[in-house]
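Notes follow once the structure below has been shown.
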Amino acid sequence: MSLDPKSGRPLYMQLADVIAAKIASGEYTPDRMVPAPARLAEEYGIAVLTARRAMRELAEHGLIYTVPGKGSYVMPTTGKAAPSNPGTPLMDRELARQWLTTALDEARAGLDEGGIPIGAALYGADGALLGRGHNRRVQDGDPSLHAETAAFRAAGRQRSYRGTTMVTALSPCWYCSGLVRQFGISRVVVGEAETFHGGHDWLAAHGVEVIVLDDPACTALMRDFIAAHPALWHEDIGEEG
């Protein structure tokens with residue numbers, strides 16, 4: 001497979017897509033060494049720096065790991081798995097950060113309404129915003145209306161969720177993680193997982209592409225809320241405060 005310099009997709013992301021597809025198809029098996037950047041650069045006619053950036057992208061997506069002085073290897077099956085949809089390109093982190101602003105806006109809207117500040121958005125495979133929403137446990141008295149379910153409902157009926165991305169300000173709980181698996185949502189972008197570590201590792205282990213951005217604004221928003229409303233927070237996550 002060759003790379004297309006005329007494509008709007010950066011060359012390093014195109015190369016990352018090629019390697020990710022080989023991992024997903026089983027051509028590159030767990031713990032197998034991935035070709036070095038210099039070899040990839042020669043094979044695909046690109047700069048070594050471009051190949052190195054592709055490798056960093058793969059590592060950030062949990063698809064490969066590096067052994068200093070030896071090289072990069074495919075992540076073992078006990079770790080994060082390759083995306084379950086080989087035809088779905090990996091997501092650029094800059095685009096992920098752009099989409100996170102929608103979820104963060106929703107989280108702030110929820111806080112302004114007196115609710116729990118968690119927001120989410122569902123984006124289509126073509127990048128279109130399908131639905132957005134925020135946690136409405138307090139506002140509607142509905143414990144099932146988490147941010148991800150609100151965004152999912154707002155998106156309406158979809159024939160398929162292949163290639164779609166759920167963007168959420170906070171690591172998804174098991175309830176919302178189950179929604180992602182049930183409907184085959186391809187990718188989850190997480191604003192932060194410091195204040196609450198939900199099911200995103202489980203999703204990654206089952207083939208969902210997961211990007212954790214460690215966004216400081218998301219972290220600060222949740223940390224301040226939990227400190228001010230511990231009882232409500234424990235109620236939302238189903239724990240005794």
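Identifiers in the structure tokens: chain A, B, ... in order shown; residue index from 1 per chain; ligand index from 1 in order shown.
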Practice item. Please provide the set of residues having any atom within 8 Å of Ile23 in chain A, restricted to only C-alpha atoms, with same-chain residues fewer than 4 positions apart removed, written as a list of chain:residue names. Key: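 These residues fall inside the cut-off: A:Ile19, A:Glu27, A:Tyr28, A:Thr29, A:Leu63, A:Val74, A:Ala82.
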Exercise for review: Could you give me, as a ChimeraX atom specification, the residues within 12 Å of Asp140 in chain A, counting only C-alpha atoms and dropping anything in the same chain fewer than 5 positions from it?
Suggested key: /A:110,113-116,134-135,145-146,150
Expected file: the selected residues, N, CA, C and O atoms, as a PDB file, in the first residue's frame:
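Output contents, as saved in again.pdb:
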```
ATOM      1  N   GLY A 110     -24.147  21.770  31.944  1.00  0.00           N
ATOM      2  CA  GLY A 110     -24.753  20.973  33.003  1.00  0.00           C
ATOM      3  C   GLY A 110     -24.491  21.557  34.375  1.00  0.00           C
ATOM      4  O   GLY A 110     -25.380  21.583  35.237  1.00  0.00           O
ATOM      5  N   GLU A 113     -26.671  24.471  35.124  1.00  0.00           N
ATOM      6  CA  GLU A 113     -28.049  24.076  35.421  1.00  0.00           C
ATOM      7  C   GLU A 113     -28.188  23.461  36.813  1.00  0.00           C
ATOM      8  O   GLU A 113     -29.280  23.071  37.214  1.00  0.00           O
ATOM      9  N   GLY A 114     -27.063  23.354  37.528  1.00  0.00           N
ATOM     10  CA  GLY A 114     -27.088  22.738  38.845  1.00  0.00           C
ATOM     11  C   GLY A 114     -26.866  21.247  38.824  1.00  0.00           C
ATOM     12  O   GLY A 114     -27.102  20.563  39.820  1.00  0.00           O
ATOM     13  N   GLY A 115     -26.404  20.728  37.676  1.00  0.00           N
ATOM     14  CA  GLY A 115     -26.200  19.298  37.551  1.00  0.00           C
ATOM     15  C   GLY A 115     -24.748  18.885  37.656  1.00  0.00           C
ATOM     16  O   GLY A 115     -23.892  19.670  38.071  1.00  0.00           O
ATOM     17  N   ILE A 116     -24.483  17.648  37.293  1.00  0.00           N
ATOM     18  CA  ILE A 116     -23.138  17.072  37.349  1.00  0.00           C
ATOM     19  C   ILE A 116     -22.418  17.422  36.050  1.00  0.00           C
ATOM     20  O   ILE A 116     -22.933  17.158  34.960  1.00  0.00           O
ATOM     21  N   HIS A 134     -25.477  16.301  28.079  1.00  0.00           N
ATOM     22  CA  HIS A 134     -24.765  16.261  29.348  1.00  0.00           C
ATOM     23  C   HIS A 134     -25.578  15.504  30.389  1.00  0.00           C
ATOM     24  O   HIS A 134     -26.771  15.249  30.199  1.00  0.00           O
ATOM     25  N   ASN A 135     -24.915  15.136  31.444  1.00  0.00           N
ATOM     26  CA  ASN A 135     -25.547  14.395  32.534  1.00  0.00           C
ATOM     27  C   ASN A 135     -26.742  15.192  33.068  1.00  0.00           C
ATOM     28  O   ASN A 135     -26.627  16.377  33.367  1.00  0.00           O
ATOM     29  N   LEU A 145     -29.719   8.973  32.717  1.00  0.00           N
ATOM     30  CA  LEU A 145     -29.379   9.957  31.699  1.00  0.00           C
ATOM     31  C   LEU A 145     -27.977  10.522  31.947  1.00  0.00           C
ATOM     32  O   LEU A 145     -27.800  11.655  32.364  1.00  0.00           O
ATOM     33  N   HIS A 146     -26.990   9.685  31.650  1.00  0.00           N
ATOM     34  CA  HIS A 146     -25.611  10.117  31.716  1.00  0.00           C
ATOM     35  C   HIS A 146     -25.272  10.925  30.468  1.00  0.00           C
ATOM     36  O   HIS A 146     -26.052  10.962  29.504  1.00  0.00           O
ATOM     37  N   ALA A 150     -27.115  10.692  26.840  1.00  0.00           N
ATOM     38  CA  ALA A 150     -27.810  11.885  26.341  1.00  0.00           C
ATOM     39  C   ALA A 150     -27.371  12.197  24.916  1.00  0.00           C
ATOM     40  O   ALA A 150     -28.198  12.503  24.036  1.00  0.00           O
TER      41      ALA A 150
END
```
**Study point:** Polymer residues at most 9 Å from Val18 in chain A, only C-alpha atoms, same-chain spacing of 3 or more positions, as a ChimeraX atom specification
**Key:** /A:1,3,13-15,21-23,89
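Residues in contact with range 36-44 of chain A at 12 Å, where only C-alpha atoms are counted and same-chain residues fewer than 3 positions away are skipped, are listed as A:Met1, A:Ser2, A:Leu3, A:Asp4, A:Pro5, A:Leu11, A:Tyr12, A:Gln14, A:Leu15, A:Ala16, A:Val18, A:Ile19, A:Met33, A:Ala47, A:Val48, A:Leu49, A:Thr50, A:Ala51, A:Arg52, A:Arg53, A:Ala54, A:Met55, A:Arg56, A:Thr66, A:Gly69, A:Lys70, A:Gly71, A:Ser72, A:Tyr73.
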Practice item. Between CA of Leu111 in chain A and CA of Ser171 in chain A, measure the distance and give it in Å to one decimal. Key: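 Atom-to-atom, CA of Leu111 in chain A and CA of Ser171 in chain A are spaced 17.6 Å apart.
From CA of Tyr175 in chain A back to CA of Thr149 in chain A, the distance works out to 9.2 Å.
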Tell me which protein, DNA and RNA residues are within 12 Å of Gly178 in chain A, counting only C-alpha atoms, leaving out same-chain ones fewer than 6 positions away, and put them as a PDB file with all heavy atoms, in the first residue's frame.
```
ATOM      1  N   GLU A 148     -23.084  10.404  28.068  1.00  0.00           N
ATOM      2  CA  GLU A 148     -22.958   9.614  26.846  1.00  0.00           C
ATOM      3  C   GLU A 148     -24.316   9.145  26.340  1.00  0.00           C
ATOM      4  O   GLU A 148     -24.564   9.141  25.122  1.00  0.00           O
ATOM      5  CB  GLU A 148     -22.050   8.400  27.102  1.00  0.00           C
ATOM      6  CG  GLU A 148     -20.618   8.759  27.421  1.00  0.00           C
ATOM      7  CD  GLU A 148     -20.361   8.992  28.900  1.00  0.00           C
ATOM      8  OE1 GLU A 148     -21.340   9.244  29.650  1.00  0.00           O
ATOM      9  OE2 GLU A 148     -19.207   8.915  29.320  1.00  0.00           O
ATOM     10  N   THR A 149     -25.206   8.755  27.248  1.00  0.00           N
ATOM     11  CA  THR A 149     -26.527   8.324  26.802  1.00  0.00           C
ATOM     12  C   THR A 149     -27.331   9.505  26.269  1.00  0.00           C
ATOM     13  O   THR A 149     -28.120   9.349  25.326  1.00  0.00           O
ATOM     14  CB  THR A 149     -27.303   7.637  27.942  1.00  0.00           C
ATOM     15  OG1 THR A 149     -27.407   8.515  29.062  1.00  0.00           O
ATOM     16  CG2 THR A 149     -26.610   6.366  28.383  1.00  0.00           C
ATOM     17  N   PRO A 172     -15.690   6.961  30.739  1.00  0.00           N
ATOM     18  CA  PRO A 172     -17.053   6.437  30.816  1.00  0.00           C
ATOM     19  C   PRO A 172     -17.218   5.375  31.890  1.00  0.00           C
ATOM     20  O   PRO A 172     -16.341   4.512  32.067  1.00  0.00           O
ATOM     21  CB  PRO A 172     -17.283   5.849  29.418  1.00  0.00           C
ATOM     22  CG  PRO A 172     -15.912   5.498  28.935  1.00  0.00           C
ATOM     23  CD  PRO A 172     -15.013   6.570  29.490  1.00  0.00           C
ATOM     24  N   GLY A 184     -21.373  -0.916  18.924  1.00  0.00           N
ATOM     25  CA  GLY A 184     -20.230  -0.965  18.025  1.00  0.00           C
ATOM     26  C   GLY A 184     -19.640   0.389  17.680  1.00  0.00           C
ATOM     27  O   GLY A 184     -19.140   0.584  16.559  1.00  0.00           O
ATOM     28  N   ILE A 185     -19.687   1.323  18.622  1.00  0.00           N
ATOM     29  CA  ILE A 185     -19.038   2.617  18.409  1.00  0.00           C
ATOM     30  C   ILE A 185     -17.535   2.376  18.324  1.00  0.00           C
ATOM     31  O   ILE A 185     -16.957   1.698  19.171  1.00  0.00           O
ATOM     32  CB  ILE A 185     -19.400   3.596  19.545  1.00  0.00           C
ATOM     33  CG1 ILE A 185     -20.900   3.917  19.471  1.00  0.00           C
ATOM     34  CG2 ILE A 185     -18.563   4.861  19.491  1.00  0.00           C
ATOM     35  CD1 ILE A 185     -21.427   4.725  20.645  1.00  0.00           C
ATOM     36  N   GLY A 198     -12.991   4.933  34.678  1.00  0.00           N
ATOM     37  CA  GLY A 198     -14.112   4.064  34.345  1.00  0.00           C
ATOM     38  C   GLY A 198     -13.704   2.858  33.521  1.00  0.00           C
ATOM     39  O   GLY A 198     -12.710   2.188  33.812  1.00  0.00           O
ATOM     40  N   GLY A 199     -14.460   2.587  32.471  1.00  0.00           N
ATOM     41  CA  GLY A 199     -14.257   1.365  31.694  1.00  0.00           C
ATOM     42  C   GLY A 199     -13.467   1.526  30.418  1.00  0.00           C
ATOM     43  O   GLY A 199     -13.514   0.644  29.555  1.00  0.00           O
ATOM     44  N   HIS A 200     -12.708   2.609  30.274  1.00  0.00           N
ATOM     45  CA  HIS A 200     -12.036   2.817  28.987  1.00  0.00           C
ATOM     46  C   HIS A 200     -10.938   1.788  28.711  1.00  0.00           C
ATOM     47  O   HIS A 200     -10.690   1.446  27.553  1.00  0.00           O
ATOM     48  CB  HIS A 200     -11.499   4.246  28.868  1.00  0.00           C
ATOM     49  CG  HIS A 200     -10.408   4.609  29.815  1.00  0.00           C
ATOM     50  ND1 HIS A 200     -10.649   5.125  31.069  1.00  0.00           N
ATOM     51  CD2 HIS A 200      -9.057   4.519  29.691  1.00  0.00           C
ATOM     52  CE1 HIS A 200      -9.489   5.351  31.669  1.00  0.00           C
ATOM     53  NE2 HIS A 200      -8.519   4.996  30.864  1.00  0.00           N
ATOM     54  N   TRP A 202     -11.085  -1.350  29.564  1.00  0.00           N
ATOM     55  CA  TRP A 202     -11.860  -2.524  29.107  1.00  0.00           C
ATOM     56  C   TRP A 202     -12.273  -2.362  27.654  1.00  0.00           C
ATOM     57  O   TRP A 202     -12.182  -3.310  26.857  1.00  0.00           O
ATOM     58  CB  TRP A 202     -13.075  -2.692  30.010  1.00  0.00           C
ATOM     59  CG  TRP A 202     -14.016  -3.773  29.604  1.00  0.00           C
ATOM     60  CD1 TRP A 202     -13.860  -5.116  29.749  1.00  0.00           C
ATOM     61  CD2 TRP A 202     -15.297  -3.597  28.968  1.00  0.00           C
ATOM     62  NE1 TRP A 202     -14.964  -5.795  29.262  1.00  0.00           N
ATOM     63  CE2 TRP A 202     -15.858  -4.886  28.780  1.00  0.00           C
ATOM     64  CE3 TRP A 202     -16.028  -2.476  28.570  1.00  0.00           C
ATOM     65  CZ2 TRP A 202     -17.097  -5.076  28.187  1.00  0.00           C
ATOM     66  CZ3 TRP A 202     -17.274  -2.666  27.974  1.00  0.00           C
ATOM     67  CH2 TRP A 202     -17.798  -3.948  27.786  1.00  0.00           C
ATOM     68  N   LEU A 203     -12.694  -1.164  27.286  1.00  0.00           N
ATOM     69  CA  LEU A 203     -13.065  -0.917  25.896  1.00  0.00           C
ATOM     70  C   LEU A 203     -11.871  -1.116  24.974  1.00  0.00           C
ATOM     71  O   LEU A 203     -11.984  -1.742  23.910  1.00  0.00           O
ATOM     72  CB  LEU A 203     -13.616   0.505  25.745  1.00  0.00           C
ATOM     73  CG  LEU A 203     -15.000   0.761  26.342  1.00  0.00           C
ATOM     74  CD1 LEU A 203     -15.328   2.253  26.296  1.00  0.00           C
ATOM     75  CD2 LEU A 203     -16.067  -0.048  25.612  1.00  0.00           C
ATOM     76  N   HIS A 206     -11.051  -4.572  24.182  1.00  0.00           N
ATOM     77  CA  HIS A 206     -12.030  -5.230  23.313  1.00  0.00           C
ATOM     78  C   HIS A 206     -12.121  -4.559  21.944  1.00  0.00           C
ATOM     79  O   HIS A 206     -13.142  -4.653  21.261  1.00  0.00           O
ATOM     80  CB  HIS A 206     -13.410  -5.253  23.990  1.00  0.00           C
ATOM     81  CG  HIS A 206     -13.503  -6.258  25.097  1.00  0.00           C
ATOM     82  ND1 HIS A 206     -13.021  -6.012  26.370  1.00  0.00           N
ATOM     83  CD2 HIS A 206     -13.999  -7.531  25.124  1.00  0.00           C
ATOM     84  CE1 HIS A 206     -13.224  -7.073  27.127  1.00  0.00           C
ATOM     85  NE2 HIS A 206     -13.810  -8.002  26.408  1.00  0.00           N
ATOM     86  N   VAL A 208     -11.873  -1.293  20.901  1.00  0.00           N
ATOM     87  CA  VAL A 208     -12.307   0.086  20.682  1.00  0.00           C
ATOM     88  C   VAL A 208     -11.083   0.988  20.754  1.00  0.00           C
ATOM     89  O   VAL A 208     -10.268   0.872  21.677  1.00  0.00           O
ATOM     90  CB  VAL A 208     -13.342   0.519  21.742  1.00  0.00           C
ATOM     91  CG1 VAL A 208     -13.749   1.978  21.548  1.00  0.00           C
ATOM     92  CG2 VAL A 208     -14.565  -0.389  21.677  1.00  0.00           C
TER      93      VAL A 208
END
```
Practice item. Skip Ala193 in chain A itself and residues of its chain fewer than 6 positions away, then list as a count of residues only all residues within 12 Å of it, counting only C-alpha atoms. Key: 21
Review point. Counting only C-alpha atoms, which of A:Ser25, A:Gln158, A:Val67, A:Ile46 gets nearest to Ala125 in chain A?
Key: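 Closest to Ala125 in chain A, using only C-alpha atoms: A:Gln158.
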Exercise for review: Report as a list in words: the residues of range 13-166 of chain A with a DSSP assignment of strand (DSSP E), based on the backbone of this structure.
Suggested key: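 So, restricting range 13-166 of chain A to strand (DSSP E), we get Met33, Val34, Ile64, Tyr65, Thr66, Val67, Gly71, Ser72, Tyr73, Val74, Gly119, Ala120, Ala121, Leu122, Tyr123, Leu129, Leu130, Gly131, Arg132, Gly133, His134, Thr165 and Met166 of chain A.
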Neighbouring residues of Arg108 in chain A were defined as those with any atom within 8 Å, considering only C-alpha atoms; residues of the same chain fewer than 6 positions away were excluded. Please report them as an mmCIF file with N, CA and C atoms, in the first residue's frame.
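Here's the written file part34.cif:
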```cif
data_model
loop_
_atom_site.group_PDB
_atom_site.id
_atom_site.type_symbol
_atom_site.label_atom_id
_atom_site.label_comp_id
_atom_site.auth_asym_id
_atom_site.auth_seq_id
_atom_site.Cartn_x
_atom_site.Cartn_y
_atom_site.Cartn_z
ATOM 1 N N PRO A 117 -21.229 18.026 36.119
ATOM 2 C CA PRO A 117 -20.567 18.547 34.922
ATOM 3 C C PRO A 117 -19.833 17.512 34.073
ATOM 4 N N ILE A 118 -20.617 16.679 33.424
ATOM 5 C CA ILE A 118 -20.046 15.717 32.479
ATOM 6 C C ILE A 118 -20.793 15.896 31.162
ATOM 7 N N GLY A 119 -20.054 16.118 30.096
ATOM 8 C CA GLY A 119 -20.657 16.310 28.785
ATOM 9 C C GLY A 119 -20.105 15.312 27.786
#
```
Point to revise | Separation of CA of Glu94 in chain A from CA of Gly207 in chain A, in Å and rounded to one decimal | key: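 So the answer is 21.8 Å.
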Practice item. Pick out each residue of range 109-196 of chain A that DSSP on the backbone tags as alpha helix (DSSP H); I need them as a list in words. Key: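 DSSP on the backbone gives alpha helix (DSSP H) at Ala109, Gly110, Leu111, Asp112, Arg137, Val138, Gln139, Asp140, Ala147, Glu148, Thr149, Ala150, Ala151, Phe152, Arg153, Ala154, Trp174, Tyr175, Cys176, Ser177, Gly178, Leu179, Val180, Arg181, Gln182 and Phe183 of chain A.
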